[in-house]
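Report on the structure given below.
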Amino acid sequence: MPNNSTKILLLTTLVSGVLVSVSSNSWLGAWMGLEINLMSFIPLMSNVKNMYNTEASLKYFIVQVLASATLLFMVVMKTLTEDLFTMEGTAYTPMIICTPLLLKSGAAPLHWWFPGVMEGLSWENCALLMTVQKAAPLMLLSYLIEINTFTLTIIFMSTVVGAIGGLNQTSMRKILTYSSINHTGWMLTALALSENLWMMYFAIYSTLAITVVSAIKLSGVSFINQTMMTNKETTLMKFMMFTSLLSLGGLPPFLGFLPKWIIIQAMTANSLAPMATIVVVTSLITLYYYLKISYSSFMILNTEPKWNLKSHKNKKTTNTKALLLSTVSLTGMAACTIIVNTY
Ligand SMILES: *[C@@H]1O[C@H](CO)[C@@H](O)[C@H](O)[C@H]1NC(C)=O
């Protein structure tokens with residue numbers, strides 16, 4: 001909890017915006033919740049001391065306002081065409097209303113604003129943007145989404161952009177952004193199959209995203225080349241950072257594999273095996289470069305400069321929150337499977 005009353009207020013209204021949005025009965029109420037959420041996030045982002053924050057908040061504001069205005073317009077259009085003229089909703093109405101929501105949640109063809117915004121944010125805001133800010137649009141999408149060519153195209157593009165976009169990135173924020181775009185694709189798959197599946201995925205994804213962010217924030221790196229040069233005291237940080245990254249990437253013994261496993265199973269059970277094959281192949285690309293980054297940081301380029309030792313002495317090397325979360329991310333799946341199998 002931040003020790004700042006403005007932040008506490010804004011976080012409260014941010015979360016209440018999400019709650020208003022997901023619990024509203026009408027599209028107008030949903031739109032209002034999204035707007036409350038946006039208007040609380042903008043002041044949270046901006047910081048007078050950092051011009052990147054201001055730029056990011058401006059970009060985010062413009063894109064989200066575009067999405068909100070489009071959503072409002074589409075909803076009004078839907079009401080006009082379907083009620084006023086007693087016309088049956090066309091097959092395209094759900095897709096048309098989906099589009100601004102997809103823009104809000106950063107799914108693939110509409111993801112362009114996401115890397116630019118994330119690059120200018122503090123780690124706390126990055127975590128908010130990747131988790132809480134996705135909850136309302138995705139929940140609203142669940143009212144509209146069904147398995148059709150449109151949805152499958154979005155899912156395909158999100159996973160491919162997530163996998164290819166993260167290749168050769170050196171910025172941790174960019175890597176997390178592309179990972180988030182990719183996970184949005186997986187969450188859309190989960191949404192199209194069942195809402196409970198999505199809730200499970202979203203809960204685990206949020207936990208893992210927060211784990212990675214707190215581990216990265218603790219070790220204070222913004223670019224992956226900064227992880228190469230560390231000393232003995234920071235090995236734990238490095239370990240936490242990379243195991244949680246691999247967990248986010250869905251490497252089997254870690255928690256991140258659990259939702260992936262369940263989604264793949266649900267997809268094959270719902271005769272989506274071709275799509276499942278594609279998304280698994282894109283996740284292999286991801287795992288290849290995640291493993292490459294981790295492996296080279298641990299084994300190949302691990303230098304321990306003596307002149308760096310002093311500056312790290314005063315730093316707190318362990319942080320209970322990051323340690324706890326990365327323990328969850330490390331052992332979560334094993335714990336779940338053991339509990340399920342002994343019960
Ligand atoms: C995308 O999500 C899947 C499933 O969790 C994961 O296996 C893959 O590594 C992820 N890719 C990226 C870029 O995060």
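To be explicit about the labels: the chains of the structure tokens are called A, B, and onward in the order shown, and within each one the residues are counted from 1, while ligands get numbers from 1 in the order they are shown.
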Taking only C-alpha atoms and all ligand atoms into account, which residues are within 6 Å of ligand 1, as a PyMOL selection string? chain A and resi 162-163+166+178-179+182-183+249-250+260+283+286-287
Can you tell me, as a VMD selection string, what residues are no more than 9 Å from range 38-46 of chain A when counting only C-alpha atoms, ignoring any on the same chain fewer than 4 positions away? chain A and resid 6 to 7 9 to 15 17 33 to 34 50 to 58 60 to 61 64 to 65 121 to 122 125 128 to 129 133
Output C-alpha atoms for every residue in that selection, as an mmCIF file, in the first residue's frame.
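That gives us out-v9.cif:
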```cif
data_model
loop_
_atom_site.group_PDB
_atom_site.id
_atom_site.type_symbol
_atom_site.label_atom_id
_atom_site.label_comp_id
_atom_site.auth_asym_id
_atom_site.auth_seq_id
_atom_site.Cartn_x
_atom_site.Cartn_y
_atom_site.Cartn_z
ATOM 1 C CA THR A 6 -3.711 10.719 -3.322
ATOM 2 C CA LYS A 7 -2.483 7.346 -4.492
ATOM 3 C CA LEU A 9 -7.728 7.483 -3.314
ATOM 4 C CA LEU A 10 -6.865 6.926 -6.956
ATOM 5 C CA LEU A 11 -6.245 3.212 -6.471
ATOM 6 C CA THR A 12 -9.611 2.922 -4.752
ATOM 7 C CA THR A 13 -11.453 4.659 -7.578
ATOM 8 C CA LEU A 14 -9.432 2.643 -10.096
ATOM 9 C CA VAL A 15 -10.640 -0.610 -8.602
ATOM 10 C CA GLY A 17 -14.231 1.605 -11.822
ATOM 11 C CA GLY A 33 -16.998 2.080 -15.150
ATOM 12 C CA LEU A 34 -14.302 2.030 -17.805
ATOM 13 C CA ASN A 50 9.769 12.372 -15.234
ATOM 14 C CA MET A 51 8.843 13.414 -18.731
ATOM 15 C CA TYR A 52 8.580 9.803 -19.961
ATOM 16 C CA ASN A 53 5.712 9.279 -17.551
ATOM 17 C CA THR A 54 3.925 12.299 -18.929
ATOM 18 C CA GLU A 55 4.400 11.095 -22.478
ATOM 19 C CA ALA A 56 3.162 7.625 -21.585
ATOM 20 C CA SER A 57 0.131 8.969 -19.774
ATOM 21 C CA LEU A 58 -0.741 11.177 -22.736
ATOM 22 C CA TYR A 60 -2.483 6.055 -22.934
ATOM 23 C CA PHE A 61 -5.112 8.732 -22.484
ATOM 24 C CA GLN A 64 -8.163 4.798 -24.240
ATOM 25 C CA VAL A 65 -10.385 7.770 -24.938
ATOM 26 C CA LEU A 121 6.025 3.837 -16.737
ATOM 27 C CA SER A 122 7.253 2.937 -13.286
ATOM 28 C CA ASN A 125 2.187 1.146 -13.012
ATOM 29 C CA LEU A 128 -1.274 -2.285 -12.907
ATOM 30 C CA LEU A 129 -1.456 -1.884 -16.656
ATOM 31 C CA GLN A 133 -6.451 -2.601 -16.382
#
```
Can you list, as a VMD selection string, all residues belonging to range 112-267 of chain A that DSSP tags as alpha helix (DSSP H)? chain A and resid 113 to 119 123 to 130 132 to 141 149 to 166 172 to 193 195 to 219 235 to 248 257 to 267
Might you pull out every residue within 10 Å of Phe257 in chain A, with only C-alpha atoms counted and same-chain residues fewer than 4 positions away left off, and present them as a PyMOL selection string? chain A and resi 204+246-253+261-263+329+332-333
Restricted to all heavy atoms, what would the selected residues look like written as an mmCIF file, in the first residue's frame?
```
data_model
loop_
_atom_site.group_PDB
_atom_site.id
_atom_site.type_symbol
_atom_site.label_atom_id
_atom_site.label_comp_id
_atom_site.auth_asym_id
_atom_site.auth_seq_id
_atom_site.Cartn_x
_atom_site.Cartn_y
_atom_site.Cartn_z
ATOM 1 N N ILE A 204 -3.888 -16.450 -12.194
ATOM 2 C CA ILE A 204 -2.505 -16.935 -12.199
ATOM 3 C C ILE A 204 -1.604 -15.985 -12.968
ATOM 4 O O ILE A 204 -0.496 -15.675 -12.537
ATOM 5 C CB ILE A 204 -2.447 -18.376 -12.744
ATOM 6 C CG1 ILE A 204 -3.182 -19.300 -11.791
ATOM 7 C CG2 ILE A 204 -1.009 -18.837 -12.896
ATOM 8 C CD1 ILE A 204 -3.190 -20.739 -12.182
ATOM 9 N N LEU A 246 10.588 -17.371 -16.497
ATOM 10 C CA LEU A 246 10.325 -18.654 -17.153
ATOM 11 C C LEU A 246 8.953 -19.191 -16.762
ATOM 12 O O LEU A 246 8.276 -19.840 -17.558
ATOM 13 C CB LEU A 246 11.404 -19.663 -16.785
ATOM 14 C CG LEU A 246 12.766 -19.397 -17.408
ATOM 15 C CD1 LEU A 246 13.792 -20.370 -16.891
ATOM 16 C CD2 LEU A 246 12.694 -19.497 -18.915
ATOM 17 N N SER A 247 8.547 -18.887 -15.535
ATOM 18 C CA SER A 247 7.209 -19.301 -15.111
ATOM 19 C C SER A 247 6.151 -18.568 -15.928
ATOM 20 O O SER A 247 5.181 -19.171 -16.388
ATOM 21 C CB SER A 247 7.058 -18.991 -13.632
ATOM 22 O OG SER A 247 5.837 -19.423 -13.153
ATOM 23 N N LEU A 248 6.374 -17.291 -16.160
ATOM 24 C CA LEU A 248 5.462 -16.506 -16.993
ATOM 25 C C LEU A 248 5.441 -17.046 -18.419
ATOM 26 O O LEU A 248 4.417 -17.010 -19.086
ATOM 27 C CB LEU A 248 5.907 -15.046 -16.992
ATOM 28 C CG LEU A 248 4.939 -14.020 -17.553
ATOM 29 C CD1 LEU A 248 3.742 -13.894 -16.656
ATOM 30 C CD2 LEU A 248 5.616 -12.681 -17.693
ATOM 31 N N GLY A 249 6.579 -17.565 -18.856
ATOM 32 C CA GLY A 249 6.660 -18.131 -20.190
ATOM 33 C C GLY A 249 6.063 -19.530 -20.287
ATOM 34 O O GLY A 249 5.998 -20.098 -21.365
ATOM 35 N N GLY A 250 5.665 -20.099 -19.157
ATOM 36 C CA GLY A 250 4.997 -21.392 -19.171
ATOM 37 C C GLY A 250 5.916 -22.588 -19.263
ATOM 38 O O GLY A 250 5.580 -23.585 -19.903
ATOM 39 N N LEU A 251 7.061 -22.530 -18.614
ATOM 40 C CA LEU A 251 7.951 -23.690 -18.601
ATOM 41 C C LEU A 251 7.423 -24.704 -17.584
ATOM 42 O O LEU A 251 7.110 -24.327 -16.449
ATOM 43 C CB LEU A 251 9.371 -23.241 -18.244
ATOM 44 C CG LEU A 251 10.462 -24.247 -18.543
ATOM 45 C CD1 LEU A 251 10.653 -24.383 -20.042
ATOM 46 C CD2 LEU A 251 11.767 -23.822 -17.906
ATOM 47 N N PRO A 252 7.297 -26.000 -17.982
ATOM 48 C CA PRO A 252 6.577 -26.951 -17.149
ATOM 49 C C PRO A 252 6.710 -26.994 -15.626
ATOM 50 O O PRO A 252 5.676 -26.892 -15.016
ATOM 51 C CB PRO A 252 6.879 -28.273 -17.823
ATOM 52 C CG PRO A 252 6.845 -27.886 -19.239
ATOM 53 C CD PRO A 252 7.475 -26.525 -19.301
ATOM 54 N N PRO A 253 7.830 -27.099 -14.969
ATOM 55 C CA PRO A 253 7.632 -27.309 -13.521
ATOM 56 C C PRO A 253 7.059 -26.113 -12.779
ATOM 57 O O PRO A 253 6.690 -26.241 -11.638
ATOM 58 C CB PRO A 253 9.023 -27.653 -13.014
ATOM 59 C CG PRO A 253 9.935 -27.138 -14.025
ATOM 60 C CD PRO A 253 9.239 -27.079 -15.315
ATOM 61 N N TRP A 261 -1.541 -25.498 -19.603
ATOM 62 C CA TRP A 261 -1.916 -26.902 -19.675
ATOM 63 C C TRP A 261 -3.437 -27.050 -19.747
ATOM 64 O O TRP A 261 -3.991 -27.734 -20.623
ATOM 65 C CB TRP A 261 -1.362 -27.551 -18.409
ATOM 66 C CG TRP A 261 -1.500 -29.020 -18.259
ATOM 67 C CD1 TRP A 261 -1.888 -29.925 -19.201
ATOM 68 C CD2 TRP A 261 -1.208 -29.746 -17.069
ATOM 69 N NE1 TRP A 261 -1.856 -31.172 -18.657
ATOM 70 C CE2 TRP A 261 -1.446 -31.094 -17.363
ATOM 71 C CE3 TRP A 261 -0.770 -29.398 -15.791
ATOM 72 C CZ2 TRP A 261 -1.261 -32.096 -16.403
ATOM 73 C CZ3 TRP A 261 -0.582 -30.387 -14.851
ATOM 74 C CH2 TRP A 261 -0.832 -31.721 -15.161
ATOM 75 N N ILE A 262 -4.120 -26.342 -18.828
ATOM 76 C CA ILE A 262 -5.575 -26.444 -18.778
ATOM 77 C C ILE A 262 -6.204 -25.900 -20.051
ATOM 78 O O ILE A 262 -7.149 -26.477 -20.596
ATOM 79 C CB ILE A 262 -6.108 -25.740 -17.517
ATOM 80 C CG1 ILE A 262 -5.569 -26.455 -16.270
ATOM 81 C CG2 ILE A 262 -7.614 -25.725 -17.490
ATOM 82 C CD1 ILE A 262 -5.868 -25.777 -14.985
ATOM 83 N N ILE A 263 -5.651 -24.781 -20.549
ATOM 84 C CA ILE A 263 -6.218 -24.188 -21.771
ATOM 85 C C ILE A 263 -5.993 -25.117 -22.960
ATOM 86 O O ILE A 263 -6.904 -25.321 -23.773
ATOM 87 C CB ILE A 263 -5.587 -22.815 -22.059
ATOM 88 C CG1 ILE A 263 -5.830 -21.838 -20.930
ATOM 89 C CG2 ILE A 263 -6.106 -22.237 -23.377
ATOM 90 C CD1 ILE A 263 -7.187 -21.276 -20.850
ATOM 91 N N SER A 329 5.440 -18.905 -7.462
ATOM 92 C CA SER A 329 5.590 -19.152 -8.890
ATOM 93 C C SER A 329 6.455 -20.385 -9.168
ATOM 94 O O SER A 329 6.272 -21.064 -10.169
ATOM 95 C CB SER A 329 6.151 -17.916 -9.568
ATOM 96 O OG SER A 329 7.398 -18.134 -10.115
ATOM 97 N N GLY A 332 4.127 -23.514 -7.292
ATOM 98 C CA GLY A 332 2.670 -23.483 -7.373
ATOM 99 C C GLY A 332 2.056 -24.670 -8.068
ATOM 100 O O GLY A 332 1.105 -25.263 -7.577
ATOM 101 N N MET A 333 2.619 -25.031 -9.240
ATOM 102 C CA MET A 333 1.974 -26.098 -9.981
ATOM 103 C C MET A 333 2.148 -27.439 -9.279
ATOM 104 O O MET A 333 1.206 -28.225 -9.190
ATOM 105 C CB MET A 333 2.498 -26.204 -11.401
ATOM 106 C CG MET A 333 1.594 -27.092 -12.206
ATOM 107 S SD MET A 333 2.050 -27.299 -13.884
ATOM 108 C CE MET A 333 3.299 -28.523 -13.738
#
```
Test item: residues at most 12 Å from Met200 in chain A, only C-alpha atoms, excluding those fewer than 6 positions along its chain, as a PyMOL selection string: chain A and resi 186-187+190-191+194+206-207+255-256+258-263
Selection from above, all heavy atoms, as a compact mmCIF listing (two decimals), in the first residue's frame, can you write it?
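Result file is part-v5.txt:
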```txt
# COMPACT_ATOMS: atom_id res chain seq x y z
N TRP A 186 -4.12 -15.63 -25.13
CA TRP A 186 -4.50 -16.86 -24.41
C TRP A 186 -5.74 -16.63 -23.56
O TRP A 186 -6.60 -17.51 -23.45
CB TRP A 186 -3.36 -17.35 -23.52
CG TRP A 186 -2.28 -18.05 -24.28
CD1 TRP A 186 -1.34 -17.47 -25.08
CD2 TRP A 186 -2.04 -19.46 -24.34
NE1 TRP A 186 -0.53 -18.44 -25.61
CE2 TRP A 186 -0.92 -19.66 -25.16
CE3 TRP A 186 -2.65 -20.57 -23.74
CZ2 TRP A 186 -0.41 -20.92 -25.43
CZ3 TRP A 186 -2.13 -21.82 -24.00
CH2 TRP A 186 -1.03 -21.99 -24.84
N MET A 187 -5.84 -15.44 -22.98
CA MET A 187 -7.02 -15.16 -22.15
C MET A 187 -8.28 -15.09 -23.01
O MET A 187 -9.36 -15.48 -22.55
CB MET A 187 -6.82 -13.89 -21.35
CG MET A 187 -5.93 -14.13 -20.15
SD MET A 187 -5.95 -12.79 -19.00
CE MET A 187 -4.64 -11.79 -19.60
N ALA A 190 -9.36 -18.53 -23.51
CA ALA A 190 -10.02 -19.01 -22.31
C ALA A 190 -11.43 -18.45 -22.20
O ALA A 190 -12.37 -19.17 -21.87
CB ALA A 190 -9.20 -18.64 -21.09
N LEU A 191 -11.57 -17.16 -22.53
CA LEU A 191 -12.87 -16.50 -22.48
C LEU A 191 -13.86 -17.15 -23.42
O LEU A 191 -15.02 -17.36 -23.07
CB LEU A 191 -12.73 -15.05 -22.93
CG LEU A 191 -12.56 -13.98 -21.90
CD1 LEU A 191 -12.55 -12.64 -22.60
CD2 LEU A 191 -13.67 -14.02 -20.91
N SER A 194 -14.73 -20.74 -21.74
CA SER A 194 -15.56 -20.64 -20.54
C SER A 194 -15.06 -19.52 -19.66
O SER A 194 -13.86 -19.21 -19.64
CB SER A 194 -15.56 -21.96 -19.78
OG SER A 194 -15.11 -21.79 -18.48
N SER A 206 -1.97 -12.78 -13.33
CA SER A 206 -1.73 -11.57 -12.53
C SER A 206 -0.68 -11.84 -11.46
O SER A 206 0.23 -11.04 -11.25
CB SER A 206 -3.01 -11.11 -11.86
OG SER A 206 -4.00 -10.91 -12.80
N THR A 207 -0.81 -12.99 -10.79
CA THR A 207 0.18 -13.34 -9.77
C THR A 207 1.57 -13.37 -10.38
O THR A 207 2.52 -12.79 -9.81
CB THR A 207 -0.14 -14.73 -9.19
OG1 THR A 207 -1.52 -14.79 -8.92
CG2 THR A 207 0.66 -15.00 -7.95
N LEU A 255 4.58 -22.57 -12.01
CA LEU A 255 3.14 -22.29 -11.96
C LEU A 255 2.56 -21.86 -13.30
O LEU A 255 1.42 -22.18 -13.62
CB LEU A 255 2.89 -21.19 -10.91
CG LEU A 255 1.45 -20.77 -10.69
CD1 LEU A 255 0.62 -21.94 -10.22
CD2 LEU A 255 1.36 -19.65 -9.69
N GLY A 256 3.34 -21.13 -14.10
CA GLY A 256 2.83 -20.62 -15.37
C GLY A 256 2.39 -21.70 -16.32
O GLY A 256 1.60 -21.44 -17.24
N LEU A 258 0.59 -24.26 -15.50
CA LEU A 258 -0.74 -24.79 -15.13
C LEU A 258 -1.87 -24.23 -15.99
O LEU A 258 -2.62 -25.02 -16.59
CB LEU A 258 -0.98 -24.54 -13.64
CG LEU A 258 -2.25 -25.16 -13.07
CD1 LEU A 258 -2.20 -26.67 -13.14
CD2 LEU A 258 -2.44 -24.73 -11.63
N PRO A 259 -2.01 -22.89 -16.11
CA PRO A 259 -3.10 -22.39 -16.96
C PRO A 259 -2.93 -22.80 -18.42
O PRO A 259 -3.91 -23.12 -19.10
CB PRO A 259 -3.01 -20.88 -16.81
CG PRO A 259 -1.68 -20.61 -16.30
CD PRO A 259 -1.28 -21.78 -15.50
N LYS A 260 -1.67 -22.83 -18.87
CA LYS A 260 -1.39 -23.20 -20.25
C LYS A 260 -1.87 -24.62 -20.53
O LYS A 260 -2.57 -24.88 -21.51
CB LYS A 260 0.13 -23.10 -20.43
CG LYS A 260 0.64 -23.29 -21.82
CD LYS A 260 2.14 -23.09 -21.78
CE LYS A 260 2.80 -23.51 -23.05
NZ LYS A 260 4.26 -23.43 -22.92
N TRP A 261 -1.54 -25.50 -19.60
CA TRP A 261 -1.92 -26.90 -19.67
C TRP A 261 -3.44 -27.05 -19.75
O TRP A 261 -3.99 -27.73 -20.62
CB TRP A 261 -1.36 -27.55 -18.41
CG TRP A 261 -1.50 -29.02 -18.26
CD1 TRP A 261 -1.89 -29.92 -19.20
CD2 TRP A 261 -1.21 -29.75 -17.07
NE1 TRP A 261 -1.86 -31.17 -18.66
CE2 TRP A 261 -1.45 -31.09 -17.36
CE3 TRP A 261 -0.77 -29.40 -15.79
CZ2 TRP A 261 -1.26 -32.10 -16.40
CZ3 TRP A 261 -0.58 -30.39 -14.85
CH2 TRP A 261 -0.83 -31.72 -15.16
N ILE A 262 -4.12 -26.34 -18.83
CA ILE A 262 -5.58 -26.44 -18.78
C ILE A 262 -6.20 -25.90 -20.05
O ILE A 262 -7.15 -26.48 -20.60
CB ILE A 262 -6.11 -25.74 -17.52
CG1 ILE A 262 -5.57 -26.46 -16.27
CG2 ILE A 262 -7.61 -25.73 -17.49
CD1 ILE A 262 -5.87 -25.78 -14.98
N ILE A 263 -5.65 -24.78 -20.55
CA ILE A 263 -6.22 -24.19 -21.77
C ILE A 263 -5.99 -25.12 -22.96
O ILE A 263 -6.90 -25.32 -23.77
CB ILE A 263 -5.59 -22.82 -22.06
CG1 ILE A 263 -5.83 -21.84 -20.93
CG2 ILE A 263 -6.11 -22.24 -23.38
CD1 ILE A 263 -7.19 -21.28 -20.85
```
For range 93-173 of chain A versus range 208-232 of chain A, which residues have an atom no more than 12 Å away, and what is each residue's nearest atom pair and distance in Å rounded to one decimal, using only C-alpha atoms, chain-then-number order, as a tab-separated table?
```
residue	atom	partner	partner_atom	distance
A:Met118	CA	A:Ser222	CA	11.8
A:Glu119	CA	A:Ser222	CA	9.7
A:Gly120	CA	A:Ser222	CA	11.3
A:Leu121	CA	A:Ser222	CA	11.4
A:Ser122	CA	A:Lys217	CA	9.3
A:Trp123	CA	A:Val213	CA	6.4
A:Glu124	CA	A:Val213	CA	7.7
A:Asn125	CA	A:Val213	CA	10.0
A:Cys126	CA	A:Val213	CA	8.0
A:Ala127	CA	A:Ile210	CA	5.9
A:Leu128	CA	A:Ile210	CA	8.7
A:Leu129	CA	A:Ala209	CA	10.4
A:Met130	CA	A:Ala209	CA	7.4
A:Thr131	CA	A:Ala209	CA	7.5
A:Val132	CA	A:Ile210	CA	10.8
A:Asn168	CA	A:Ile224	CA	10.4
A:Gln169	CA	A:Ile224	CA	8.5
A:Thr170	CA	A:Ile224	CA	5.4
A:Ser171	CA	A:Phe223	CA	4.3
A:Met172	CA	A:Phe223	CA	5.3
A:Arg173	CA	A:Ser222	CA	7.0
```
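For the atom pair formed by CA of Thr93 in chain A and CA of Leu152 in chain A, the distance is 16.9 Å, given to one decimal.
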Residue among A:Leu72, A:Asn47, A:Leu193, A:Ile293 lying closest to Ala269 in chain A, counting only C-alpha atoms: A:Leu193
Residue contacts of Thr70 in chain A (10 Å, only C-alpha atoms) excluding same-chain residues fewer than 2 positions away, as a VMD selection string: chain A and resid 64 to 68 72 to 76 96 to 97 99 to 101
Residues from the last selection, N, CA, C and O atoms, saved as a PDB file, in the first residue's frame:
```
ATOM      1  N   GLN A  64      -7.029   5.305 -25.014  1.00  0.00           N
ATOM      2  CA  GLN A  64      -8.163   4.798 -24.240  1.00  0.00           C
ATOM      3  C   GLN A  64      -9.404   5.639 -24.471  1.00  0.00           C
ATOM      4  O   GLN A  64     -10.527   5.115 -24.490  1.00  0.00           O
ATOM      5  N   VAL A  65      -9.229   6.929 -24.667  1.00  0.00           N
ATOM      6  CA  VAL A  65     -10.385   7.770 -24.938  1.00  0.00           C
ATOM      7  C   VAL A  65     -10.972   7.427 -26.297  1.00  0.00           C
ATOM      8  O   VAL A  65     -12.195   7.360 -26.455  1.00  0.00           O
ATOM      9  N   LEU A  66     -10.095   7.158 -27.259  1.00  0.00           N
ATOM     10  CA  LEU A  66     -10.575   6.722 -28.570  1.00  0.00           C
ATOM     11  C   LEU A  66     -11.416   5.464 -28.414  1.00  0.00           C
ATOM     12  O   LEU A  66     -12.529   5.363 -28.949  1.00  0.00           O
ATOM     13  N   ALA A  67     -10.899   4.518 -27.620  1.00  0.00           N
ATOM     14  CA  ALA A  67     -11.619   3.262 -27.418  1.00  0.00           C
ATOM     15  C   ALA A  67     -12.946   3.508 -26.719  1.00  0.00           C
ATOM     16  O   ALA A  67     -13.982   2.973 -27.131  1.00  0.00           O
ATOM     17  N   SER A  68     -12.937   4.339 -25.676  1.00  0.00           N
ATOM     18  CA  SER A  68     -14.188   4.591 -24.939  1.00  0.00           C
ATOM     19  C   SER A  68     -15.214   5.256 -25.827  1.00  0.00           C
ATOM     20  O   SER A  68     -16.390   4.875 -25.818  1.00  0.00           O
ATOM     21  N   LEU A  72     -18.831   3.743 -26.819  1.00  0.00           N
ATOM     22  CA  LEU A  72     -20.094   4.433 -26.561  1.00  0.00           C
ATOM     23  C   LEU A  72     -20.897   4.569 -27.854  1.00  0.00           C
ATOM     24  O   LEU A  72     -22.098   4.282 -27.897  1.00  0.00           O
ATOM     25  N   PHE A  73     -20.207   4.958 -28.914  1.00  0.00           N
ATOM     26  CA  PHE A  73     -20.863   5.139 -30.205  1.00  0.00           C
ATOM     27  C   PHE A  73     -21.465   3.826 -30.704  1.00  0.00           C
ATOM     28  O   PHE A  73     -22.620   3.774 -31.118  1.00  0.00           O
ATOM     29  N   MET A  74     -20.668   2.752 -30.595  1.00  0.00           N
ATOM     30  CA  MET A  74     -21.146   1.454 -31.079  1.00  0.00           C
ATOM     31  C   MET A  74     -22.353   0.984 -30.285  1.00  0.00           C
ATOM     32  O   MET A  74     -23.295   0.406 -30.839  1.00  0.00           O
ATOM     33  N   VAL A  75     -22.306   1.244 -28.970  1.00  0.00           N
ATOM     34  CA  VAL A  75     -23.410   0.808 -28.122  1.00  0.00           C
ATOM     35  C   VAL A  75     -24.677   1.565 -28.479  1.00  0.00           C
ATOM     36  O   VAL A  75     -25.763   0.981 -28.590  1.00  0.00           O
ATOM     37  N   VAL A  76     -24.527   2.864 -28.704  1.00  0.00           N
ATOM     38  CA  VAL A  76     -25.687   3.660 -29.095  1.00  0.00           C
ATOM     39  C   VAL A  76     -26.216   3.182 -30.442  1.00  0.00           C
ATOM     40  O   VAL A  76     -27.430   3.020 -30.628  1.00  0.00           O
ATOM     41  N   ILE A  96     -18.280  -5.774 -33.733  1.00  0.00           N
ATOM     42  CA  ILE A  96     -18.080  -4.330 -33.772  1.00  0.00           C
ATOM     43  C   ILE A  96     -17.931  -3.776 -32.365  1.00  0.00           C
ATOM     44  O   ILE A  96     -17.120  -2.900 -32.109  1.00  0.00           O
ATOM     45  N   ILE A  97     -18.683  -4.327 -31.411  1.00  0.00           N
ATOM     46  CA  ILE A  97     -18.541  -3.840 -30.036  1.00  0.00           C
ATOM     47  C   ILE A  97     -17.265  -4.400 -29.406  1.00  0.00           C
ATOM     48  O   ILE A  97     -16.669  -3.770 -28.540  1.00  0.00           O
ATOM     49  N   THR A  99     -14.372  -4.646 -30.815  1.00  0.00           N
ATOM     50  CA  THR A  99     -13.157  -3.974 -31.269  1.00  0.00           C
ATOM     51  C   THR A  99     -12.608  -2.926 -30.285  1.00  0.00           C
ATOM     52  O   THR A  99     -11.435  -3.003 -29.930  1.00  0.00           O
ATOM     53  N   PRO A 100     -13.436  -1.965 -29.797  1.00  0.00           N
ATOM     54  CA  PRO A 100     -12.865  -1.023 -28.835  1.00  0.00           C
ATOM     55  C   PRO A 100     -12.392  -1.699 -27.544  1.00  0.00           C
ATOM     56  O   PRO A 100     -11.406  -1.248 -26.937  1.00  0.00           O
ATOM     57  N   LEU A 101     -13.049  -2.786 -27.156  1.00  0.00           N
ATOM     58  CA  LEU A 101     -12.621  -3.490 -25.945  1.00  0.00           C
ATOM     59  C   LEU A 101     -11.279  -4.183 -26.172  1.00  0.00           C
ATOM     60  O   LEU A 101     -10.432  -4.232 -25.273  1.00  0.00           O
TER      61      LEU A 101
END
```
For the atom pair CA of Lys49 in chain A and CA of Asn4 in chain A, what is the interatomic distance in Å to one decimal place? 16.7 Å
To one decimal place in Å, what is the distance between CA of Phe254 in chain A and CA of Leu330 in chain A?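 Between CA of Phe254 in chain A and CA of Leu330 in chain A the gap works out to 5.0 Å.
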Restrict the calculation to only C-alpha atoms, then for each residue of range 139-177 of chain A with any atom at most 8 Å from an atom of range 279-282 of chain A give the closest atom pair and their distance in Å to one decimal, rows by chain and rising residue number, as JSON lines.
```
{"residue": "A:Phe156", "atom": "CA", "partner": "A:Val279", "partner_atom": "CA", "distance": 7.1}
{"residue": "A:Thr159", "atom": "CA", "partner": "A:Val279", "partner_atom": "CA", "distance": 6.3}
{"residue": "A:Val160", "atom": "CA", "partner": "A:Thr282", "partner_atom": "CA", "distance": 6.0}
{"residue": "A:Ala163", "atom": "CA", "partner": "A:Thr282", "partner_atom": "CA", "distance": 5.7}
```
N, CA, C and O atoms of the current selection, written as a CSV table (one decimal), in the first residue's frame:
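Ended up saving to out.csv:
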```
chain,number,residue,atom,x,y,z
A,156,PHE,N,-4.8,-15.6,-32.8
A,156,PHE,CA,-3.6,-16.0,-33.5
A,156,PHE,C,-2.6,-14.8,-33.6
A,156,PHE,O,-1.5,-15.0,-33.3
A,159,THR,N,-0.9,-14.1,-30.2
A,159,THR,CA,0.2,-15.0,-29.7
A,159,THR,C,1.4,-14.8,-30.7
A,159,THR,O,2.5,-14.8,-30.2
A,160,VAL,N,1.1,-14.6,-31.9
A,160,VAL,CA,2.3,-14.4,-32.8
A,160,VAL,C,3.0,-13.1,-32.6
A,160,VAL,O,4.2,-13.1,-32.5
A,163,ALA,N,5.0,-13.5,-29.4
A,163,ALA,CA,6.2,-14.3,-29.6
A,163,ALA,C,7.3,-13.6,-30.4
A,163,ALA,O,8.4,-13.6,-30.0
```
Could you check the closest approach to Leu236 in chain A for each of A:Ala108, A:Val117, A:Val18, A:Ala322 and tell me which residue wins, using only C-alpha atoms?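 The closest residue to Leu236 in chain A is A:Ala322.
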Which of these residues is nearest to Pro115 in chain A, using only C-alpha atoms: A:Ser180, A:Gln265, A:Ser21, A:Ser16?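 When distances to Pro115 in chain A are compared using only C-alpha atoms, the smallest one comes from A:Ser180.
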Taking only C-alpha atoms into account, which of A:Thr235, A:Thr342, A:Thr268, A:Thr337 comes nearest Ser297 in chain A?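 Closest to Ser297 in chain A, using only C-alpha atoms: A:Thr235.
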